[in-house]
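S.K.: Pasting a structure below so you can have a look.
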Amino acid sequence: MLLALSMKKIEWIWDMVMIPAPTSEAELLDRAYALAGFTLGELAQKCHITCPVDLRREKGWVGMLLETCLGATAGNKQMQDFQNIGIELKSIPISYTGKPLETTFVCVAPLKDVHGLTWEVSNIRNKILKILWIPVEGEREIPLCERYVGMPLIWQPSIEEEAQLKADWEELMEFIVLGKVHQITAQHGEHLQLRPKAANSKALTKAYGVNGQPIRTMPRGFYFRTQFTSRILANHFMLSNLDITKE
DNA sequence: CTGTGATCATTT
DNA sequence: AAATGATCACAG
């Protein structure tokens, strides 16, 4: 499978003190392409950020680094990374064969005030309408600072993909509405799954019980299965390869 | 605690 | 080897 890690480094006039937010999709994509072919260590150096030895104590470090490099405004709650241009940023760890090594966290799942909530107005739909994916080498045997950033891609769900995600979301939300969140396991949902999303297993948040009474349970999040994201990447790079051969 | 950024580490 | 449940750091 072709998931090219660009070895062509586009020189950039970096002045990594503070990167302004991009004002268009084209500008954001240009910047993302300019990151391809650099290692995480090189990008960190340009940002004056120290690259940790591994991700055990900083699982979100790669994502934060890319946000800094692309001018994302951090700290915004429940919003897309680039709200002005309607784009969400996701880094994705890939194997030597270009396949995702991890599921992709999308957003936290609402466990209360879900009465009447529909897919059309859900937070998750807003997050997945347009995503800038940035593949990064993720094999643990590769030292973090030596991992290469790959070619970015903009993805928007096809009619079919959105229908699939909506179906999974509705199945999962049905459990939540009925107070059966405890019955949900990671095996529910064909493309979208619901799993814990918390500091640890002792964290508790409010939800509903089977009789509608308030209960406390672990916070959950929606995640894309690897097969789903693998298909997104494969489709994109196979198509771009066809474009190249046409020229 | 909630939500941002996710990957870890044990089980299957 | 892949998948699931658990976990890490930080801002507000």
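In the structure tokens, each chain is lettered A, B, ... as it comes, each chain's residues begin at 1, and ligands are numbered from 1 in order of appearance.
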Among stretch 2-197 of chain A, which residues carry a DSSP assignment of alpha helix (DSSP H), reported as number ranges by chain?
M.R.: A: 25-35, 40-47, 61-70, 123-128, 159-177
S.K.: Pull out every residue of chain A that has at least one atom within 12 Å of chain B, counting only C-alpha atoms (C1' of nucleotides), and report them as a PDB file with N, CA and C atoms, in the first residue's frame.
M.R.:
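Contents of result.pdb, as written:
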ATOM      1  N   ASP A  54       9.826   9.164  24.796  1.00  0.00           N
ATOM      2  CA  ASP A  54       8.706   8.381  24.264  1.00  0.00           C
ATOM      3  C   ASP A  54       7.412   9.073  24.665  1.00  0.00           C
ATOM      4  N   LEU A  55       6.298   8.442  24.306  1.00  0.00           N
ATOM      5  CA  LEU A  55       4.999   9.087  24.536  1.00  0.00           C
ATOM      6  C   LEU A  55       4.273   8.585  25.776  1.00  0.00           C
ATOM      7  N   ARG A  56       4.943   7.750  26.563  1.00  0.00           N
ATOM      8  CA  ARG A  56       4.255   7.166  27.708  1.00  0.00           C
ATOM      9  C   ARG A  56       3.667   8.198  28.671  1.00  0.00           C
ATOM     10  N   ARG A  57       4.391   9.286  28.842  1.00  0.00           N
ATOM     11  CA  ARG A  57       3.885  10.311  29.759  1.00  0.00           C
ATOM     12  C   ARG A  57       3.345  11.537  29.034  1.00  0.00           C
ATOM     13  N   GLU A  58       3.379  11.510  27.708  1.00  0.00           N
ATOM     14  CA  GLU A  58       2.857  12.647  26.934  1.00  0.00           C
ATOM     15  C   GLU A  58       2.207  12.126  25.672  1.00  0.00           C
ATOM     16  N   LYS A  59       1.133  11.404  25.842  1.00  0.00           N
ATOM     17  CA  LYS A  59       0.484  10.728  24.716  1.00  0.00           C
ATOM     18  C   LYS A  59       0.023  11.691  23.621  1.00  0.00           C
ATOM     19  N   GLY A  60      -0.279  12.913  23.998  1.00  0.00           N
ATOM     20  CA  GLY A  60      -0.767  13.854  23.000  1.00  0.00           C
ATOM     21  C   GLY A  60       0.306  14.774  22.431  1.00  0.00           C
ATOM     22  N   TRP A  61       1.565  14.442  22.695  1.00  0.00           N
ATOM     23  CA  TRP A  61       2.650  15.345  22.300  1.00  0.00           C
ATOM     24  C   TRP A  61       2.730  15.583  20.793  1.00  0.00           C
ATOM     25  N   VAL A  62       2.604  14.542  20.014  1.00  0.00           N
ATOM     26  CA  VAL A  62       2.706  14.697  18.557  1.00  0.00           C
ATOM     27  C   VAL A  62       1.603  15.626  18.042  1.00  0.00           C
ATOM     28  N   GLY A  63       0.399  15.410  18.531  1.00  0.00           N
ATOM     29  CA  GLY A  63      -0.717  16.252  18.099  1.00  0.00           C
ATOM     30  C   GLY A  63      -0.514  17.703  18.479  1.00  0.00           C
ATOM     31  N   MET A  64       0.012  17.919  19.676  1.00  0.00           N
ATOM     32  CA  MET A  64       0.253  19.284  20.135  1.00  0.00           C
ATOM     33  C   MET A  64       1.343  19.956  19.305  1.00  0.00           C
ATOM     34  N   LEU A  65       2.371  19.185  18.956  1.00  0.00           N
ATOM     35  CA  LEU A  65       3.466  19.730  18.144  1.00  0.00           C
ATOM     36  C   LEU A  65       2.945  20.169  16.777  1.00  0.00           C
ATOM     37  N   LEU A  66       2.146  19.326  16.154  1.00  0.00           N
ATOM     38  CA  LEU A  66       1.615  19.657  14.836  1.00  0.00           C
ATOM     39  C   LEU A  66       0.674  20.858  14.908  1.00  0.00           C
ATOM     40  N   GLU A  67      -0.069  20.957  15.997  1.00  0.00           N
ATOM     41  CA  GLU A  67      -0.935  22.126  16.182  1.00  0.00           C
ATOM     42  C   GLU A  67      -0.091  23.398  16.193  1.00  0.00           C
ATOM     43  N   THR A  68       1.003  23.331  16.925  1.00  0.00           N
ATOM     44  CA  THR A  68       1.889  24.491  17.002  1.00  0.00           C
ATOM     45  C   THR A  68       2.454  24.830  15.626  1.00  0.00           C
ATOM     46  N   ALA A  72      -2.657  26.192  14.954  1.00  0.00           N
ATOM     47  CA  ALA A  72      -3.969  25.917  15.548  1.00  0.00           C
ATOM     48  C   ALA A  72      -4.054  26.655  16.878  1.00  0.00           C
ATOM     49  N   THR A  73      -5.244  27.113  17.170  1.00  0.00           N
ATOM     50  CA  THR A  73      -5.433  27.795  18.444  1.00  0.00           C
ATOM     51  C   THR A  73      -5.828  26.763  19.484  1.00  0.00           C
ATOM     52  N   ALA A  74      -4.940  26.512  20.410  1.00  0.00           N
ATOM     53  CA  ALA A  74      -5.170  25.473  21.411  1.00  0.00           C
ATOM     54  C   ALA A  74      -6.114  25.946  22.510  1.00  0.00           C
ATOM     55  N   GLY A  75      -6.645  24.992  23.199  1.00  0.00           N
ATOM     56  CA  GLY A  75      -7.455  25.309  24.360  1.00  0.00           C
ATOM     57  C   GLY A  75      -8.923  25.529  24.097  1.00  0.00           C
ATOM     58  N   ASN A  76      -9.308  25.649  22.849  1.00  0.00           N
ATOM     59  CA  ASN A  76     -10.719  25.846  22.549  1.00  0.00           C
ATOM     60  C   ASN A  76     -11.526  24.596  22.881  1.00  0.00           C
ATOM     61  N   LYS A  77     -12.622  24.807  23.544  1.00  0.00           N
ATOM     62  CA  LYS A  77     -13.428  23.666  23.949  1.00  0.00           C
ATOM     63  C   LYS A  77     -14.500  23.320  22.930  1.00  0.00           C
ATOM     64  N   GLN A  78     -14.644  22.033  22.662  1.00  0.00           N
ATOM     65  CA  GLN A  78     -15.723  21.543  21.804  1.00  0.00           C
ATOM     66  C   GLN A  78     -15.812  22.312  20.487  1.00  0.00           C
ATOM     67  N   MET A  79     -14.666  22.573  19.885  1.00  0.00           N
ATOM     68  CA  MET A  79     -14.690  23.259  18.603  1.00  0.00           C
ATOM     69  C   MET A  79     -13.650  22.618  17.691  1.00  0.00           C
ATOM     70  N   GLN A  80     -13.817  22.888  16.412  1.00  0.00           N
ATOM     71  CA  GLN A  80     -12.822  22.391  15.474  1.00  0.00           C
ATOM     72  C   GLN A  80     -11.518  23.145  15.718  1.00  0.00           C
ATOM     73  N   ASP A  81     -10.422  22.532  15.325  1.00  0.00           N
ATOM     74  CA  ASP A  81      -9.121  23.174  15.539  1.00  0.00           C
ATOM     75  C   ASP A  81      -9.007  24.468  14.745  1.00  0.00           C
ATOM     76  N   LEU A  89      -8.063  18.974  12.942  1.00  0.00           N
ATOM     77  CA  LEU A  89      -6.740  18.390  12.706  1.00  0.00           C
ATOM     78  C   LEU A  89      -6.593  17.089  13.479  1.00  0.00           C
ATOM     79  N   LYS A  90      -6.089  16.048  12.808  1.00  0.00           N
ATOM     80  CA  LYS A  90      -5.834  14.773  13.475  1.00  0.00           C
ATOM     81  C   LYS A  90      -4.498  14.216  13.017  1.00  0.00           C
ATOM     82  N   SER A  91      -3.634  13.925  13.968  1.00  0.00           N
ATOM     83  CA  SER A  91      -2.405  13.224  13.611  1.00  0.00           C
ATOM     84  C   SER A  91      -2.772  11.750  13.717  1.00  0.00           C
ATOM     85  N   ILE A  92      -2.130  10.906  12.931  1.00  0.00           N
ATOM     86  CA  ILE A  92      -2.453   9.481  12.995  1.00  0.00           C
ATOM     87  C   ILE A  92      -1.177   8.657  12.875  1.00  0.00           C
ATOM     88  N   PRO A  93      -0.912   7.816  13.877  1.00  0.00           N
ATOM     89  CA  PRO A  93       0.311   7.004  13.872  1.00  0.00           C
ATOM     90  C   PRO A  93       0.177   5.857  12.896  1.00  0.00           C
ATOM     91  N   LEU A 101      -1.851   2.558  13.501  1.00  0.00           N
ATOM     92  CA  LEU A 101      -1.454   1.711  14.626  1.00  0.00           C
ATOM     93  C   LEU A 101      -2.405   1.864  15.803  1.00  0.00           C
ATOM     94  N   GLU A 102      -3.225   2.896  15.761  1.00  0.00           N
ATOM     95  CA  GLU A 102      -4.147   3.143  16.867  1.00  0.00           C
ATOM     96  C   GLU A 102      -5.503   3.572  16.329  1.00  0.00           C
ATOM     97  N   THR A 103      -6.520   3.420  17.166  1.00  0.00           N
ATOM     98  CA  THR A 103      -7.824   3.972  16.843  1.00  0.00           C
ATOM     99  C   THR A 103      -7.672   5.488  16.967  1.00  0.00           C
ATOM    100  N   THR A 104      -8.622   6.217  16.426  1.00  0.00           N
ATOM    101  CA  THR A 104      -8.536   7.680  16.477  1.00  0.00           C
ATOM    102  C   THR A 104      -9.627   8.258  17.354  1.00  0.00           C
ATOM    103  N   PHE A 105      -9.200   8.930  18.402  1.00  0.00           N
ATOM    104  CA  PHE A 105     -10.172   9.575  19.286  1.00  0.00           C
ATOM    105  C   PHE A 105     -10.842  10.717  18.524  1.00  0.00           C
ATOM    106  N   VAL A 106     -12.170  10.765  18.605  1.00  0.00           N
ATOM    107  CA  VAL A 106     -12.893  11.819  17.893  1.00  0.00           C
ATOM    108  C   VAL A 106     -13.365  12.915  18.852  1.00  0.00           C
ATOM    109  N   CYS A 107     -14.141  12.546  19.831  1.00  0.00           N
ATOM    110  CA  CYS A 107     -14.615  13.516  20.813  1.00  0.00           C
ATOM    111  C   CYS A 107     -15.275  12.787  21.970  1.00  0.00           C
ATOM    112  N   VAL A 108     -15.527  13.480  23.029  1.00  0.00           N
ATOM    113  CA  VAL A 108     -16.173  12.858  24.180  1.00  0.00           C
ATOM    114  C   VAL A 108     -17.636  12.605  23.823  1.00  0.00           C
ATOM    115  N   ALA A 109     -18.205  11.601  24.454  1.00  0.00           N
ATOM    116  CA  ALA A 109     -19.604  11.254  24.172  1.00  0.00           C
ATOM    117  C   ALA A 109     -20.501  11.911  25.219  1.00  0.00           C
ATOM    118  N   PRO A 110     -21.611  12.497  24.761  1.00  0.00           N
ATOM    119  CA  PRO A 110     -22.543  13.084  25.717  1.00  0.00           C
ATOM    120  C   PRO A 110     -23.278  11.960  26.443  1.00  0.00           C
ATOM    121  N   GLY A 138       4.720   5.700  13.541  1.00  0.00           N
ATOM    122  CA  GLY A 138       4.344   5.450  14.924  1.00  0.00           C
ATOM    123  C   GLY A 138       4.921   4.189  15.543  1.00  0.00           C
ATOM    124  N   GLU A 139       5.755   3.474  14.807  1.00  0.00           N
ATOM    125  CA  GLU A 139       6.333   2.242  15.364  1.00  0.00           C
ATOM    126  C   GLU A 139       7.172   2.584  16.595  1.00  0.00           C
ATOM    127  N   ARG A 140       6.915   1.865  17.668  1.00  0.00           N
ATOM    128  CA  ARG A 140       7.591   2.221  18.928  1.00  0.00           C
ATOM    129  C   ARG A 140       9.088   1.998  18.893  1.00  0.00           C
ATOM    130  N   LYS A 197     -12.661   7.369  28.232  1.00  0.00           N
ATOM    131  CA  LYS A 197     -11.850   8.541  27.894  1.00  0.00           C
ATOM    132  C   LYS A 197     -11.727   9.321  29.192  1.00  0.00           C
ATOM    133  N   ALA A 198     -10.726   8.948  29.967  1.00  0.00           N
ATOM    134  CA  ALA A 198     -10.605   9.560  31.289  1.00  0.00           C
ATOM    135  C   ALA A 198      -9.180   9.485  31.804  1.00  0.00           C
ATOM    136  N   ALA A 199      -8.964  10.154  32.898  1.00  0.00           N
ATOM    137  CA  ALA A 199      -7.640  10.138  33.510  1.00  0.00           C
ATOM    138  C   ALA A 199      -7.316   8.727  33.980  1.00  0.00           C
ATOM    139  N   ALA A 203     -12.313   7.816  37.438  1.00  0.00           N
ATOM    140  CA  ALA A 203     -12.985   9.072  37.094  1.00  0.00           C
ATOM    141  C   ALA A 203     -14.464   8.810  36.861  1.00  0.00           C
ATOM    142  N   LEU A 204     -15.289   9.704  37.348  1.00  0.00           N
ATOM    143  CA  LEU A 204     -16.732   9.527  37.208  1.00  0.00           C
ATOM    144  C   LEU A 204     -17.403  10.786  36.675  1.00  0.00           C
ATOM    145  N   THR A 205     -18.442  10.569  35.871  1.00  0.00           N
ATOM    146  CA  THR A 205     -19.237  11.676  35.369  1.00  0.00           C
ATOM    147  C   THR A 205     -20.711  11.272  35.440  1.00  0.00           C
ATOM    148  N   LYS A 206     -21.591  12.221  35.251  1.00  0.00           N
ATOM    149  CA  LYS A 206     -23.023  11.939  35.373  1.00  0.00           C
ATOM    150  C   LYS A 206     -23.600  11.306  34.111  1.00  0.00           C
ATOM    151  N   MET A 218     -17.951   6.112  34.118  1.00  0.00           N
ATOM    152  CA  MET A 218     -16.706   6.605  33.523  1.00  0.00           C
ATOM    153  C   MET A 218     -16.991   7.427  32.265  1.00  0.00           C
ATOM    154  N   PRO A 219     -16.305   8.518  32.088  1.00  0.00           N
ATOM    155  CA  PRO A 219     -16.481   9.314  30.854  1.00  0.00           C
ATOM    156  C   PRO A 219     -16.096   8.453  29.645  1.00  0.00           C
ATOM    157  N   ARG A 220     -16.807   8.613  28.561  1.00  0.00           N
ATOM    158  CA  ARG A 220     -16.505   7.828  27.345  1.00  0.00           C
ATOM    159  C   ARG A 220     -16.221   8.758  26.173  1.00  0.00           C
ATOM    160  N   GLY A 221     -15.566   8.176  25.175  1.00  0.00           N
ATOM    161  CA  GLY A 221     -15.302   8.942  23.969  1.00  0.00           C
ATOM    162  C   GLY A 221     -15.606   8.116  22.740  1.00  0.00           C
ATOM    163  N   TYR A 223     -14.462   6.763  19.109  1.00  0.00           N
ATOM    164  CA  TYR A 223     -13.204   6.503  18.403  1.00  0.00           C
ATOM    165  C   TYR A 223     -13.490   5.865  17.053  1.00  0.00           C
TER     166      TYR A 223
END
S.K.: I'd like the neighbourhood of stretch 168-178 of chain A as an NGL selection string, where a residue qualifies if any of its atoms comes within 10 Å (using only C-alpha atoms (C1' of nucleotides)), though same-chain residues fewer than 2 positions away should be ignored.
M.R.: :A and (109-119 or 122 or 124-125 or 162-166 or 180-185 or 188-194 or 207-212 or 222)
S.K.: Convert the current residue selection to file output with N, CA and C atoms, as a JSON list (two decimals), in the first residue's frame.
M.R.:
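Below is the file that was written, part-v9.json:
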[["chain", "number", "residue", "atom", "x", "y", "z"],
["A", 109, "ALA", "N", -18.20, 11.60, 24.45],
["A", 109, "ALA", "CA", -19.60, 11.25, 24.17],
["A", 109, "ALA", "C", -20.50, 11.91, 25.22],
["A", 110, "PRO", "N", -21.61, 12.50, 24.76],
["A", 110, "PRO", "CA", -22.54, 13.08, 25.72],
["A", 110, "PRO", "C", -23.28, 11.96, 26.44],
["A", 111, "LEU", "N", -23.30, 12.03, 27.76],
["A", 111, "LEU", "CA", -23.99, 10.98, 28.54],
["A", 111, "LEU", "C", -25.22, 11.54, 29.26],
["A", 112, "LYS", "N", -25.38, 12.85, 29.22],
["A", 112, "LYS", "CA", -26.57, 13.45, 29.83],
["A", 112, "LYS", "C", -27.10, 14.54, 28.90],
["A", 113, "ASP", "N", -28.33, 14.96, 29.13],
["A", 113, "ASP", "CA", -28.97, 15.93, 28.25],
["A", 113, "ASP", "C", -28.97, 15.45, 26.81],
["A", 114, "VAL", "N", -29.19, 14.18, 26.63],
["A", 114, "VAL", "CA", -29.17, 13.62, 25.28],
["A", 114, "VAL", "C", -30.58, 13.47, 24.68],
["A", 115, "HIS", "N", -31.59, 13.86, 25.44],
["A", 115, "HIS", "CA", -32.95, 13.73, 24.92],
["A", 115, "HIS", "C", -33.14, 14.62, 23.70],
["A", 116, "GLY", "N", -33.57, 14.01, 22.61],
["A", 116, "GLY", "CA", -33.82, 14.78, 21.40],
["A", 116, "GLY", "C", -32.59, 15.11, 20.58],
["A", 117, "LEU", "N", -31.44, 14.63, 21.04],
["A", 117, "LEU", "CA", -30.21, 14.92, 20.29],
["A", 117, "LEU", "C", -30.18, 14.09, 19.00],
["A", 118, "THR", "N", -29.88, 14.77, 17.90],
["A", 118, "THR", "CA", -29.81, 14.07, 16.62],
["A", 118, "THR", "C", -28.41, 14.18, 16.03],
["A", 119, "TRP", "N", -28.12, 13.26, 15.13],
["A", 119, "TRP", "CA", -26.82, 13.25, 14.45],
["A", 119, "TRP", "C", -26.55, 14.59, 13.77],
["A", 122, "SER", "N", -25.28, 17.03, 16.23],
["A", 122, "SER", "CA", -24.33, 16.52, 17.22],
["A", 122, "SER", "C", -22.94, 17.13, 17.08],
["A", 124, "ILE", "N", -20.21, 15.49, 17.36],
["A", 124, "ILE", "CA", -19.32, 14.60, 16.60],
["A", 124, "ILE", "C", -19.43, 14.86, 15.10],
["A", 125, "ARG", "N", -20.64, 15.14, 14.63],
["A", 125, "ARG", "CA", -20.78, 15.40, 13.18],
["A", 125, "ARG", "C", -19.98, 16.64, 12.79],
["A", 162, "GLU", "N", -20.70, 8.87, 5.88],
["A", 162, "GLU", "CA", -21.45, 9.57, 6.93],
["A", 162, "GLU", "C", -22.64, 8.74, 7.39],
["A", 163, "ALA", "N", -23.27, 8.05, 6.46],
["A", 163, "ALA", "CA", -24.42, 7.21, 6.83],
["A", 163, "ALA", "C", -23.97, 6.09, 7.77],
["A", 164, "GLN", "N", -22.79, 5.54, 7.50],
["A", 164, "GLN", "CA", -22.27, 4.47, 8.35],
["A", 164, "GLN", "C", -21.97, 4.98, 9.76],
["A", 165, "LEU", "N", -21.37, 6.14, 9.82],
["A", 165, "LEU", "CA", -21.03, 6.72, 11.12],
["A", 165, "LEU", "C", -22.29, 7.09, 11.89],
["A", 166, "LYS", "N", -23.25, 7.63, 11.15],
["A", 166, "LYS", "CA", -24.51, 8.01, 11.77],
["A", 166, "LYS", "C", -25.21, 6.79, 12.36],
["A", 180, "LYS", "N", -28.37, 2.52, 29.46],
["A", 180, "LYS", "CA", -27.62, 1.26, 29.38],
["A", 180, "LYS", "C", -26.17, 1.46, 28.95],
["A", 181, "VAL", "N", -25.61, 2.59, 29.34],
["A", 181, "VAL", "CA", -24.23, 2.87, 28.93],
["A", 181, "VAL", "C", -23.27, 1.79, 29.42],
["A", 182, "HIS", "N", -23.61, 1.16, 30.54],
["A", 182, "HIS", "CA", -22.73, 0.11, 31.07],
["A", 182, "HIS", "C", -22.71, -1.14, 30.19],
["A", 183, "GLN", "N", -23.72, -1.26, 29.36],
["A", 183, "GLN", "CA", -23.77, -2.45, 28.49],
["A", 183, "GLN", "C", -22.94, -2.27, 27.23],
["A", 184, "ILE", "N", -22.52, -1.02, 26.98],
["A", 184, "ILE", "CA", -21.75, -0.78, 25.76],
["A", 184, "ILE", "C", -20.31, -1.25, 25.95],
["A", 185, "THR", "N", -19.83, -2.00, 24.98],
["A", 185, "THR", "CA", -18.42, -2.41, 24.98],
["A", 185, "THR", "C", -17.79, -1.88, 23.71],
["A", 188, "HIS", "N", -19.24, -2.76, 20.12],
["A", 188, "HIS", "CA", -20.38, -2.17, 19.44],
["A", 188, "HIS", "C", -19.89, -1.14, 18.42],
["A", 189, "GLY", "N", -20.67, -0.99, 17.37],
["A", 189, "GLY", "CA", -20.30, -0.01, 16.34],
["A", 189, "GLY", "C", -19.35, -0.60, 15.32],
["A", 190, "GLU", "N", -19.74, -0.52, 14.07],
["A", 190, "GLU", "CA", -18.91, -1.11, 13.02],
["A", 190, "GLU", "C", -17.68, -0.25, 12.72],
["A", 191, "HIS", "N", -17.86, 1.05, 12.71],
["A", 191, "HIS", "CA", -16.75, 1.94, 12.37],
["A", 191, "HIS", "C", -16.41, 2.89, 13.52],
["A", 192, "LEU", "N", -17.44, 3.17, 14.31],
["A", 192, "LEU", "CA", -17.28, 4.10, 15.43],
["A", 192, "LEU", "C", -17.50, 3.31, 16.71],
["A", 193, "GLN", "N", -16.59, 3.40, 17.64],
["A", 193, "GLN", "CA", -16.77, 2.68, 18.90],
["A", 193, "GLN", "C", -16.77, 3.64, 20.07],
["A", 194, "LEU", "N", -17.27, 3.17, 21.21],
["A", 194, "LEU", "CA", -17.32, 3.97, 22.42],
["A", 194, "LEU", "C", -16.43, 3.31, 23.46],
["A", 207, "ALA", "N", -24.49, 10.35, 34.34],
["A", 207, "ALA", "CA", -25.17, 9.69, 33.23],
["A", 207, "ALA", "C", -26.54, 9.23, 33.73],
["A", 208, "TYR", "N", -27.25, 8.46, 32.88],
["A", 208, "TYR", "CA", -28.57, 7.96, 33.29],
["A", 208, "TYR", "C", -28.51, 6.48, 33.61],
["A", 209, "GLY", "N", -29.36, 6.06, 34.56],
["A", 209, "GLY", "CA", -29.52, 4.64, 34.85],
["A", 209, "GLY", "C", -30.73, 4.13, 34.09],
["A", 210, "VAL", "N", -31.01, 2.85, 34.22],
["A", 210, "VAL", "CA", -32.10, 2.25, 33.45],
["A", 210, "VAL", "C", -33.48, 2.84, 33.75],
["A", 211, "ASN", "N", -33.66, 3.41, 34.93],
["A", 211, "ASN", "CA", -34.95, 4.01, 35.24],
["A", 211, "ASN", "C", -34.93, 5.52, 35.09],
["A", 212, "GLY", "N", -33.91, 5.98, 34.42],
["A", 212, "GLY", "CA", -33.81, 7.41, 34.19],
["A", 212, "GLY", "C", -33.19, 8.16, 35.35],
["A", 222, "PHE", "N", -15.85, 8.78, 21.62],
["A", 222, "PHE", "CA", -16.04, 8.09, 20.35],
["A", 222, "PHE", "C", -14.68, 7.94, 19.68]]
S.K.: Step one, run DSSP on the backbone; step two, keep only residues of stretch 20-136 of chain A assigned to strand (DSSP E); then write them as a PyMOL selection string.
M.R.: chain A and resi 88-94+104-108+131-136
S.K.: Take the residues from that selection and put them in a file with C-alpha atoms, as a PDB file, in the first residue's frame.
M.R.:
ATOM      1  CA  GLU A  88     -10.376  19.497  12.404  1.00  0.00           C
ATOM      2  CA  LEU A  89      -6.740  18.390  12.706  1.00  0.00           C
ATOM      3  CA  LYS A  90      -5.834  14.773  13.475  1.00  0.00           C
ATOM      4  CA  SER A  91      -2.405  13.224  13.611  1.00  0.00           C
ATOM      5  CA  ILE A  92      -2.453   9.481  12.995  1.00  0.00           C
ATOM      6  CA  PRO A  93       0.311   7.004  13.872  1.00  0.00           C
ATOM      7  CA  ILE A  94       1.103   4.623  11.040  1.00  0.00           C
ATOM      8  CA  THR A 104      -8.536   7.680  16.477  1.00  0.00           C
ATOM      9  CA  PHE A 105     -10.172   9.575  19.286  1.00  0.00           C
ATOM     10  CA  VAL A 106     -12.893  11.819  17.893  1.00  0.00           C
ATOM     11  CA  CYS A 107     -14.615  13.516  20.813  1.00  0.00           C
ATOM     12  CA  VAL A 108     -16.173  12.858  24.180  1.00  0.00           C
ATOM     13  CA  ILE A 131     -10.507  16.539   8.774  1.00  0.00           C
ATOM     14  CA  LEU A 132      -6.885  17.293   7.959  1.00  0.00           C
ATOM     15  CA  TRP A 133      -5.084  13.996   8.577  1.00  0.00           C
ATOM     16  CA  ILE A 134      -1.350  14.026   9.128  1.00  0.00           C
ATOM     17  CA  PRO A 135       0.219  10.555   9.133  1.00  0.00           C
ATOM     18  CA  VAL A 136       3.272  10.189  11.352  1.00  0.00           C
TER      19      VAL A 136
END
S.K.: Dump as a tab-separated table the rows for residues of chain C within 7 Å of chain A: closest atom pair and distance in Å with one decimal, only C-alpha atoms (C1' of nucleotides) counted, ordered by chain and rising residue number.
M.R.:
residue	atom	partner	partner_atom	distance
C:DT4	C1'	A:Ala186	CA	6.3
C:DA6	C1'	A:Asn200	CA	6.2
C:DT7	C1'	A:Asn200	CA	5.5
C:DC8	C1'	A:Arg57	CA	5.0
C:DA9	C1'	A:Glu58	CA	6.0
C:DA11	C1'	A:Gly75	CA	6.8
